[in-house]
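Undergrad: Below is one structure. I have some questions about it.
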Amino acid sequence: MLNKSQIDAHNEKGLAKHKKGFDYVSGIIPDAEGIIKKLTDFQVAIPSWALGSGGTRFGRFSGGGEPSTLEEKMEDIGLLHQLNRSSGAVSLHIPWDIPTDAKAIKSLAADFDLKFDAMNSNTFQDQKDQKLSYKFGSMQHVDKGVRQQAVDHNIEVIKYGQELGSNSLTVWLADGSSFPGQLNFRNAFNNTLESLQSIYSALPDDWKIFVEYKAFEPNFYSTTVGDWGQSLLYANKLGEKAYTLVDLGHHLPNANIEQIVSLLLNERKLGGFHFNDSKYGDDDLTVGSIKPYQLFLIFKELVEGMDARGLNHATDLGWMIDASHNIKDPLEDLLQSVEAINLAYAQALLVDSKALNEAQLNNDVAGAQEILQDAYRTDLRPVLAEARLREGAALSPLGLFREQKIRQQLIGKRGEKTVATGL
Ligand code: AOS
Ligand code: ZN
Ligand code: ZN
Ligand code: ZN
């Protein structure tokens, strides 16, 4: 953990330059204070499975100093939160993160000022001592016994989540088929629905269930929750505690994700996000590293749609990162991702929605584009930095991470050859 004087010293060094930038931008935008307030409330959950090197099927290159216990994962996220005061939540994956001592984990979370966002179940791998295999699916399986095992696991995940104070469950299914003829699509869908209904009936009243969709991988012919339409079907059939979860890497190429987001919000069925970026598929790259304009357009729909519905930006949706790191330091990558999310959010808040509405009513196409690009091309990084400064975080989270040689410290503490549990 960092101490306050280290953060202060870092901020002192950058203060003069920061002030110039902030004075300038706050002078040219209408409501810097309003954006700062919203940024301060907005927290992004860090996935417990993204704190180590993920690797690909071709290899895995550990950077060292990776967390090997849930406690160490919480420490890493606590550190990120200290650096940016924007990652005050964690999303856990069971059985990778079984809280053997839930009380201790809860108090650790309180020490680091972290909340528990959605819990994740895992029926895409076979665990040691598991009775039946998920090789041919879990909730869709032709064998009722396998389906029941998957249901029981999800109910167990809810119980762990209740002990920790989480109030949502994300279900991502690898279920599908790899070859034509392998599956009866209708039976697979109906079995999955029945399994989800059993889980839904065990869901506490104040919980939400998020149904995540994914177009392909690990199955490459069909996926049983393959797109937002299928997820929305499940969510509608399940009931009002069920929602669709959008992972930015789970669409077919060139999908208009911002339109999907807008319609899901309109149906009151958007539950949350897995943020990442991609060029080809479920690449799980740093948020905003490939298509930052798309990210801005998504946030523009979120802000507009949530305001229209009277939703609270900070609390009414699950904001989570789902990333995987192959060559970067995972903690550096996560700092970059949170920064990219905050920047897109701030830019979306800057959009002159009244003028945009007018331009739309007048079919002023060029005018509408100008309004969006004007917000997107305004450099709001000093506003983000100001929000951090006021919260006692670092002007440059990544800069301070490097100045303090935190990775080297973690390697010193945990060792060079570490493997974080997860993907
Ligand atoms: C898998 O592609 C999904 O994005 C899931 O959210 C998954 O549970 C997570 O990536 C951890 O593997
Ligand atoms: Zn995901
Ligand atoms: Zn994914
Ligand atoms: Zn992904």
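Ordered as shown in the structure tokens, chains take letters A, B, and onward, while each chain numbers its residues from 1 and ligands are numbered from 1 in the order shown.
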Would you mind listing the residues within 9 Å of ligand 2, counting only C-alpha atoms and all ligand atoms, as a list in words?

TA: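 If we count only C-alpha atoms and all ligand atoms, the neighbours of ligand 2 turn out to be Thr170, Trp172, Glu212, Tyr213, Lys214, Leu245, Val246, Asp247, Leu248, Gly249, His250, Phe273, His274, Phe275, Asn276, Asp282, Asp284, Met320, Ile321, Asp322 and Ala323 of chain A.
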
Undergrad: Give me the residues within 10 Å of Asp101 (chain A) as an mmCIF file with N, CA and C atoms, in the first residue's frame, counting only C-alpha atoms and dropping any in the same chain fewer than 3 places off.

TA:
data_model
loop_
_atom_site.group_PDB
_atom_site.id
_atom_site.type_symbol
_atom_site.label_atom_id
_atom_site.label_comp_id
_atom_site.auth_asym_id
_atom_site.auth_seq_id
_atom_site.Cartn_x
_atom_site.Cartn_y
_atom_site.Cartn_z
ATOM 1 N N ILE A 98 -13.043 -18.705 -3.952
ATOM 2 C CA ILE A 98 -13.912 -19.094 -2.835
ATOM 3 C C ILE A 98 -13.457 -18.385 -1.552
ATOM 4 N N ALA A 104 -13.384 -12.327 7.111
ATOM 5 C CA ALA A 104 -12.064 -11.705 6.940
ATOM 6 C C ALA A 104 -11.976 -10.988 5.591
ATOM 7 N N ILE A 105 -12.530 -11.613 4.558
ATOM 8 C CA ILE A 105 -12.491 -10.986 3.221
ATOM 9 C C ILE A 105 -13.316 -9.700 3.223
ATOM 10 N N LYS A 106 -14.442 -9.753 3.908
ATOM 11 C CA LYS A 106 -15.290 -8.559 3.989
ATOM 12 C C LYS A 106 -14.579 -7.417 4.710
ATOM 13 N N GLU A 163 -22.869 -13.764 1.543
ATOM 14 C CA GLU A 163 -21.974 -13.613 2.695
ATOM 15 C C GLU A 163 -21.104 -12.365 2.572
ATOM 16 N N LEU A 164 -20.799 -11.997 1.321
ATOM 17 C CA LEU A 164 -19.876 -10.873 1.122
ATOM 18 C C LEU A 164 -20.597 -9.537 0.937
#

Undergrad: From a DSSP calculation on the backbone, collect every residue of region 128-287 of chain A in alpha helix (DSSP H) and output the set as JSON, numbers by chain.

TA: {"A": [144, 145, 146, 147, 148, 149, 150, 151, 152, 153, 154, 155, 156, 157, 158, 159, 160, 161, 162, 163, 164, 185, 186, 187, 188, 189, 190, 191, 192, 193, 194, 195, 196, 197, 198, 199, 200, 201, 228, 229, 230, 231, 232, 233, 234, 235, 236, 237, 238, 257, 258, 259, 260, 261, 262, 263, 264, 265, 266]}

Undergrad: Dump C-alpha atoms for the selected residues as a compact mmCIF listing (two decimals), in the first residue's frame?

TA:
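To be explicit, this is the file written out as again_0.txt:
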# COMPACT_ATOMS: atom_id res chain seq x y z
CA LYS A 144 -30.64 -33.51 -16.55
CA GLY A 145 -27.95 -34.43 -14.00
CA VAL A 146 -25.44 -32.09 -15.62
CA ARG A 147 -27.99 -29.31 -15.77
CA GLN A 148 -28.80 -29.76 -12.10
CA GLN A 149 -25.11 -29.68 -11.19
CA ALA A 150 -24.79 -26.34 -13.02
CA VAL A 151 -27.86 -24.98 -11.25
CA ASP A 152 -26.56 -26.09 -7.84
CA HIS A 153 -23.23 -24.42 -8.52
CA ASN A 154 -24.91 -21.12 -9.35
CA ILE A 155 -26.98 -21.26 -6.19
CA GLU A 156 -23.79 -21.86 -4.22
CA VAL A 157 -22.25 -18.79 -5.88
CA ILE A 158 -25.23 -16.71 -4.77
CA LYS A 159 -24.65 -17.92 -1.20
CA TYR A 160 -21.01 -16.85 -1.28
CA GLY A 161 -22.10 -13.51 -2.68
CA GLN A 162 -24.65 -13.03 0.09
CA GLU A 163 -21.97 -13.61 2.70
CA LEU A 164 -19.88 -10.87 1.12
CA PHE A 185 -31.26 -25.61 -30.93
CA ARG A 186 -34.75 -25.51 -29.44
CA ASN A 187 -34.00 -28.14 -26.83
CA ALA A 188 -30.72 -26.42 -25.93
CA PHE A 189 -32.55 -23.12 -25.52
CA ASN A 190 -35.39 -24.61 -23.50
CA ASN A 191 -33.08 -26.61 -21.23
CA THR A 192 -31.06 -23.47 -20.59
CA LEU A 193 -34.20 -21.50 -19.84
CA GLU A 194 -35.39 -24.14 -17.38
CA SER A 195 -31.98 -24.16 -15.65
CA LEU A 196 -31.93 -20.37 -15.44
CA GLN A 197 -35.46 -20.43 -14.01
CA SER A 198 -34.33 -22.75 -11.21
CA ILE A 199 -31.50 -20.34 -10.38
CA TYR A 200 -33.84 -17.38 -10.63
CA SER A 201 -36.18 -18.90 -8.07
CA TRP A 228 -28.42 -9.77 -27.17
CA GLY A 229 -31.69 -11.05 -28.66
CA GLN A 230 -31.27 -14.43 -27.02
CA SER A 231 -30.13 -12.89 -23.76
CA LEU A 232 -33.11 -10.53 -23.79
CA LEU A 233 -35.46 -13.48 -24.43
CA TYR A 234 -34.11 -15.20 -21.32
CA ALA A 235 -34.23 -11.99 -19.28
CA ASN A 236 -37.82 -11.30 -20.29
CA LYS A 237 -38.95 -14.85 -19.61
CA LEU A 238 -37.19 -14.96 -16.24
CA ILE A 257 -23.08 -1.85 -29.89
CA GLU A 258 -24.27 1.64 -29.00
CA GLN A 259 -27.62 0.93 -30.65
CA ILE A 260 -27.93 -2.37 -28.76
CA VAL A 261 -27.20 -0.53 -25.51
CA SER A 262 -29.77 2.13 -26.26
CA LEU A 263 -32.54 -0.39 -26.99
CA LEU A 264 -31.75 -2.57 -23.97
CA LEU A 265 -31.97 0.51 -21.77
CA ASN A 266 -35.22 1.44 -23.43

Undergrad: With DSSP run on the backbone, what are the strand (DSSP E) residues within region 106-280 of chain A? I'd like them as a VMD selection string.

TA: chain A and resid 115 to 116 119 to 120 168 to 172 176 to 177 208 to 212 222 to 223 242 to 247 270 to 275

Undergrad: Would you output that residue set with N, CA and C atoms, as a compact mmCIF listing (two decimals), in the first residue's frame?

TA:
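Okay, this is what ended up in out-v1.txt:
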# COMPACT_ATOMS: atom_id res chain seq x y z
N LYS A 115 -16.22 -2.50 -2.69
CA LYS A 115 -17.52 -3.18 -2.64
C LYS A 115 -17.47 -4.42 -3.52
N PHE A 116 -18.42 -5.33 -3.31
CA PHE A 116 -18.48 -6.52 -4.14
C PHE A 116 -19.54 -6.34 -5.23
N MET A 119 -21.10 -11.40 -8.74
CA MET A 119 -20.41 -12.67 -8.58
C MET A 119 -20.53 -13.42 -9.90
N ASN A 120 -19.49 -14.19 -10.25
CA ASN A 120 -19.53 -14.96 -11.49
C ASN A 120 -19.48 -16.45 -11.20
N SER A 168 -25.57 -9.29 -7.05
CA SER A 168 -25.86 -9.72 -8.42
C SER A 168 -25.00 -10.91 -8.82
N LEU A 169 -25.56 -11.66 -9.76
CA LEU A 169 -24.88 -12.84 -10.29
C LEU A 169 -24.79 -12.70 -11.80
N THR A 170 -23.58 -12.86 -12.33
CA THR A 170 -23.42 -12.89 -13.79
C THR A 170 -23.27 -14.33 -14.23
N VAL A 171 -24.09 -14.71 -15.20
CA VAL A 171 -23.98 -16.06 -15.75
C VAL A 171 -23.48 -15.93 -17.18
N TRP A 172 -22.30 -16.45 -17.39
CA TRP A 172 -21.82 -16.58 -18.77
C TRP A 172 -21.69 -18.07 -19.07
N GLY A 176 -23.00 -24.36 -26.28
CA GLY A 176 -23.26 -24.16 -27.70
C GLY A 176 -22.88 -25.43 -28.42
N SER A 177 -22.53 -25.29 -29.70
CA SER A 177 -22.10 -26.48 -30.44
C SER A 177 -21.00 -26.08 -31.41
N LYS A 208 -29.93 -9.19 -8.57
CA LYS A 208 -30.18 -9.21 -10.01
C LYS A 208 -29.40 -10.37 -10.60
N ILE A 209 -29.91 -10.92 -11.69
CA ILE A 209 -29.12 -11.90 -12.44
C ILE A 209 -28.84 -11.31 -13.82
N PHE A 210 -27.58 -11.36 -14.22
CA PHE A 210 -27.18 -10.85 -15.52
C PHE A 210 -26.89 -12.02 -16.45
N VAL A 211 -27.53 -12.01 -17.60
CA VAL A 211 -27.29 -13.08 -18.58
C VAL A 211 -26.36 -12.51 -19.65
N GLU A 212 -25.12 -13.00 -19.65
CA GLU A 212 -24.12 -12.50 -20.60
C GLU A 212 -24.22 -13.30 -21.90
N SER A 222 -22.41 -22.72 -32.91
CA SER A 222 -23.54 -22.00 -32.30
C SER A 222 -23.24 -21.77 -30.83
N THR A 223 -23.81 -20.69 -30.31
CA THR A 223 -23.72 -20.42 -28.88
C THR A 223 -25.15 -20.30 -28.37
N ALA A 242 -34.05 -10.09 -13.83
CA ALA A 242 -33.10 -10.60 -14.84
C ALA A 242 -32.80 -9.55 -15.89
N TYR A 243 -31.53 -9.45 -16.24
CA TYR A 243 -31.07 -8.41 -17.17
C TYR A 243 -30.03 -8.97 -18.14
N THR A 244 -29.81 -8.23 -19.20
CA THR A 244 -28.76 -8.58 -20.16
C THR A 244 -27.46 -7.90 -19.78
N LEU A 245 -26.38 -8.63 -19.91
CA LEU A 245 -25.06 -8.02 -19.68
C LEU A 245 -24.32 -7.94 -21.02
N VAL A 246 -23.77 -6.76 -21.28
CA VAL A 246 -23.05 -6.54 -22.53
C VAL A 246 -21.55 -6.60 -22.29
N ASP A 247 -20.88 -7.55 -22.93
CA ASP A 247 -19.41 -7.58 -22.94
C ASP A 247 -19.00 -7.05 -24.31
N LEU A 270 -31.14 -3.55 -19.52
CA LEU A 270 -29.68 -3.52 -19.51
C LEU A 270 -29.21 -3.63 -18.07
N GLY A 271 -28.41 -4.66 -17.78
CA GLY A 271 -27.98 -4.89 -16.40
C GLY A 271 -26.58 -4.38 -16.12
N GLY A 272 -25.70 -4.54 -17.06
CA GLY A 272 -24.33 -4.11 -16.79
C GLY A 272 -23.41 -4.39 -17.95
N PHE A 273 -22.14 -4.13 -17.67
CA PHE A 273 -21.11 -4.18 -18.71
C PHE A 273 -19.90 -4.98 -18.32
N HIS A 274 -19.32 -5.61 -19.31
CA HIS A 274 -17.93 -6.06 -19.23
C HIS A 274 -17.17 -5.21 -20.23
N PHE A 275 -16.38 -4.27 -19.73
CA PHE A 275 -15.62 -3.40 -20.62
C PHE A 275 -14.30 -4.04 -21.02

Undergrad: Closest to Leu400 (chain A) among A:Ala387, A:Ala308, A:Ala9, A:Leu350, using only C-alpha atoms?

TA: A:Ala9

Undergrad: Would you mind reading off the distance between CA of Thr378 (chain A) and CA of Ile28 (chain A), one decimal, in Å?

TA: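 Spanning CA of Thr378 (chain A) to CA of Ile28 (chain A) is a straight-line distance of 9.4 Å.
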
Undergrad: For CA of His325 (chain A) and CA of Asp129 (chain A), quote the distance in Å rounded to one decimal.

TA: 29.1 Å

Undergrad: Have a look at A:Ala348, A:Val44, A:Leu285, A:Leu398 and name the one nearest to ligand 1; count only C-alpha atoms and all ligand atoms.

TA: A:Leu285

Undergrad: So that I can see what lies close to region 311-316 of chain A, please list as number ranges by chain the residues with an atom at most 9 Å from it, counting only C-alpha atoms and leaving out residues fewer than 4 positions away in the same chain.

TA: A: 38-39, 41-43, 271-272, 302-303, 305-307

Undergrad: Residues at most 10 Å from Thr286 (chain A), counting only C-alpha atoms, excluding those fewer than 4 positions away in the same chain, as a ChimeraX atom specification?

TA: /A:275-278,290,321-325,328,330,332-338,340

Undergrad: Please write the residues from the selection above to a file, keeping C-alpha atoms, as a PDB file, in the first residue's frame.

TA:
ATOM      1  CA  PHE A 275     -15.620  -3.395 -20.618  1.00  0.00           C
ATOM      2  CA  ASN A 276     -12.651  -4.247 -22.796  1.00  0.00           C
ATOM      3  CA  ASP A 277     -11.591  -3.525 -26.359  1.00  0.00           C
ATOM      4  CA  SER A 278     -11.018  -5.619 -29.416  1.00  0.00           C
ATOM      5  CA  ILE A 290      -8.596   0.259 -30.263  1.00  0.00           C
ATOM      6  CA  ILE A 321     -13.976  -4.619 -16.624  1.00  0.00           C
ATOM      7  CA  ASP A 322     -13.414  -8.021 -18.220  1.00  0.00           C
ATOM      8  CA  ALA A 323      -9.935  -8.089 -19.639  1.00  0.00           C
ATOM      9  CA  SER A 324      -7.012 -10.391 -20.094  1.00  0.00           C
ATOM     10  CA  HIS A 325      -3.361  -9.444 -20.198  1.00  0.00           C
ATOM     11  CA  LYS A 328       1.367  -5.744 -20.310  1.00  0.00           C
ATOM     12  CA  PRO A 330      -1.964  -6.334 -15.525  1.00  0.00           C
ATOM     13  CA  GLU A 332      -0.862  -0.936 -15.472  1.00  0.00           C
ATOM     14  CA  ASP A 333      -3.364  -2.199 -18.011  1.00  0.00           C
ATOM     15  CA  LEU A 334      -6.229  -1.925 -15.507  1.00  0.00           C
ATOM     16  CA  LEU A 335      -5.230   1.639 -14.612  1.00  0.00           C
ATOM     17  CA  GLN A 336      -5.335   2.499 -18.307  1.00  0.00           C
ATOM     18  CA  SER A 337      -8.732   0.815 -18.683  1.00  0.00           C
ATOM     19  CA  VAL A 338     -10.325   2.666 -15.792  1.00  0.00           C
ATOM     20  CA  ALA A 340     -10.400   5.200 -20.581  1.00  0.00           C
TER      21      ALA A 340
END

Undergrad: What's the 7 Å shell around region 69-74 of chain A, counting only C-alpha atoms, without same-chain residues fewer than 4 positions away, as a list of chain:residue names?

TA: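 Skipping anything fewer than 4 positions along the chain leaves A:Ser48, A:Leu51, A:Gly78, A:Asp97, A:Ile105, A:Ala109.
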
Undergrad: Since we have the selection now, will you write its residues out, keeping N, CA and C atoms, as a PDB file, in the first residue's frame?

TA:
ATOM      1  N   SER A  48     -11.488 -10.136 -10.634  1.00  0.00           N
ATOM      2  CA  SER A  48     -10.426 -10.828  -9.884  1.00  0.00           C
ATOM      3  C   SER A  48      -9.538 -11.656 -10.807  1.00  0.00           C
ATOM      4  N   LEU A  51      -5.900 -10.017 -12.768  1.00  0.00           N
ATOM      5  CA  LEU A  51      -4.773  -9.435 -12.024  1.00  0.00           C
ATOM      6  C   LEU A  51      -3.455 -10.129 -12.335  1.00  0.00           C
ATOM      7  N   GLY A  78      -7.132  -2.964  -4.040  1.00  0.00           N
ATOM      8  CA  GLY A  78      -7.041  -1.857  -3.088  1.00  0.00           C
ATOM      9  C   GLY A  78      -5.997  -0.836  -3.531  1.00  0.00           C
ATOM     10  N   ASP A  97     -12.253 -17.974  -6.625  1.00  0.00           N
ATOM     11  CA  ASP A  97     -12.119 -17.042  -5.479  1.00  0.00           C
ATOM     12  C   ASP A  97     -12.985 -17.443  -4.292  1.00  0.00           C
ATOM     13  N   ILE A 105     -12.530 -11.613   4.558  1.00  0.00           N
ATOM     14  CA  ILE A 105     -12.491 -10.986   3.221  1.00  0.00           C
ATOM     15  C   ILE A 105     -13.316  -9.700   3.223  1.00  0.00           C
ATOM     16  N   ALA A 109     -11.985  -5.958   2.515  1.00  0.00           N
ATOM     17  CA  ALA A 109     -12.632  -5.082   1.527  1.00  0.00           C
ATOM     18  C   ALA A 109     -12.945  -3.727   2.157  1.00  0.00           C
TER      19      ALA A 109
END

Undergrad: Env of Ala394 (chain A): 7 Å cut, atoms = only C-alpha atoms, seq-sep filter 6 positions within chain, self excluded. Answer as a ChimeraX atom specification.

TA: /A:7,11,83-84,388,400

Undergrad: Would you mind exporting the chosen residues as an mmCIF file, in the first residue's frame, restricted to N, CA and C atoms?

TA:
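Final output, saved to part.cif:
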data_model
loop_
_atom_site.group_PDB
_atom_site.id
_atom_site.type_symbol
_atom_site.label_atom_id
_atom_site.label_comp_id
_atom_site.auth_asym_id
_atom_site.auth_seq_id
_atom_site.Cartn_x
_atom_site.Cartn_y
_atom_site.Cartn_z
ATOM 1 N N ILE A 7 1.795 9.837 -2.165
ATOM 2 C CA ILE A 7 0.836 10.369 -3.146
ATOM 3 C C ILE A 7 0.959 11.896 -3.210
ATOM 4 N N ASN A 11 1.873 14.273 -6.390
ATOM 5 C CA ASN A 11 0.942 15.303 -6.874
ATOM 6 C C ASN A 11 1.592 16.686 -6.860
ATOM 7 N N LEU A 83 -4.729 4.470 -6.060
ATOM 8 C CA LEU A 83 -4.102 5.274 -7.103
ATOM 9 C C LEU A 83 -5.112 6.130 -7.867
ATOM 10 N N ASN A 84 -6.336 5.593 -8.077
ATOM 11 C CA ASN A 84 -7.265 6.380 -8.908
ATOM 12 C C ASN A 84 -8.598 6.709 -8.231
ATOM 13 N N ARG A 388 -9.437 13.181 -9.295
ATOM 14 C CA ARG A 388 -8.557 12.311 -8.496
ATOM 15 C C ARG A 388 -7.865 13.115 -7.406
ATOM 16 N N LEU A 400 2.666 7.218 -10.898
ATOM 17 C CA LEU A 400 3.044 6.916 -9.508
ATOM 18 C C LEU A 400 3.343 5.423 -9.329
#
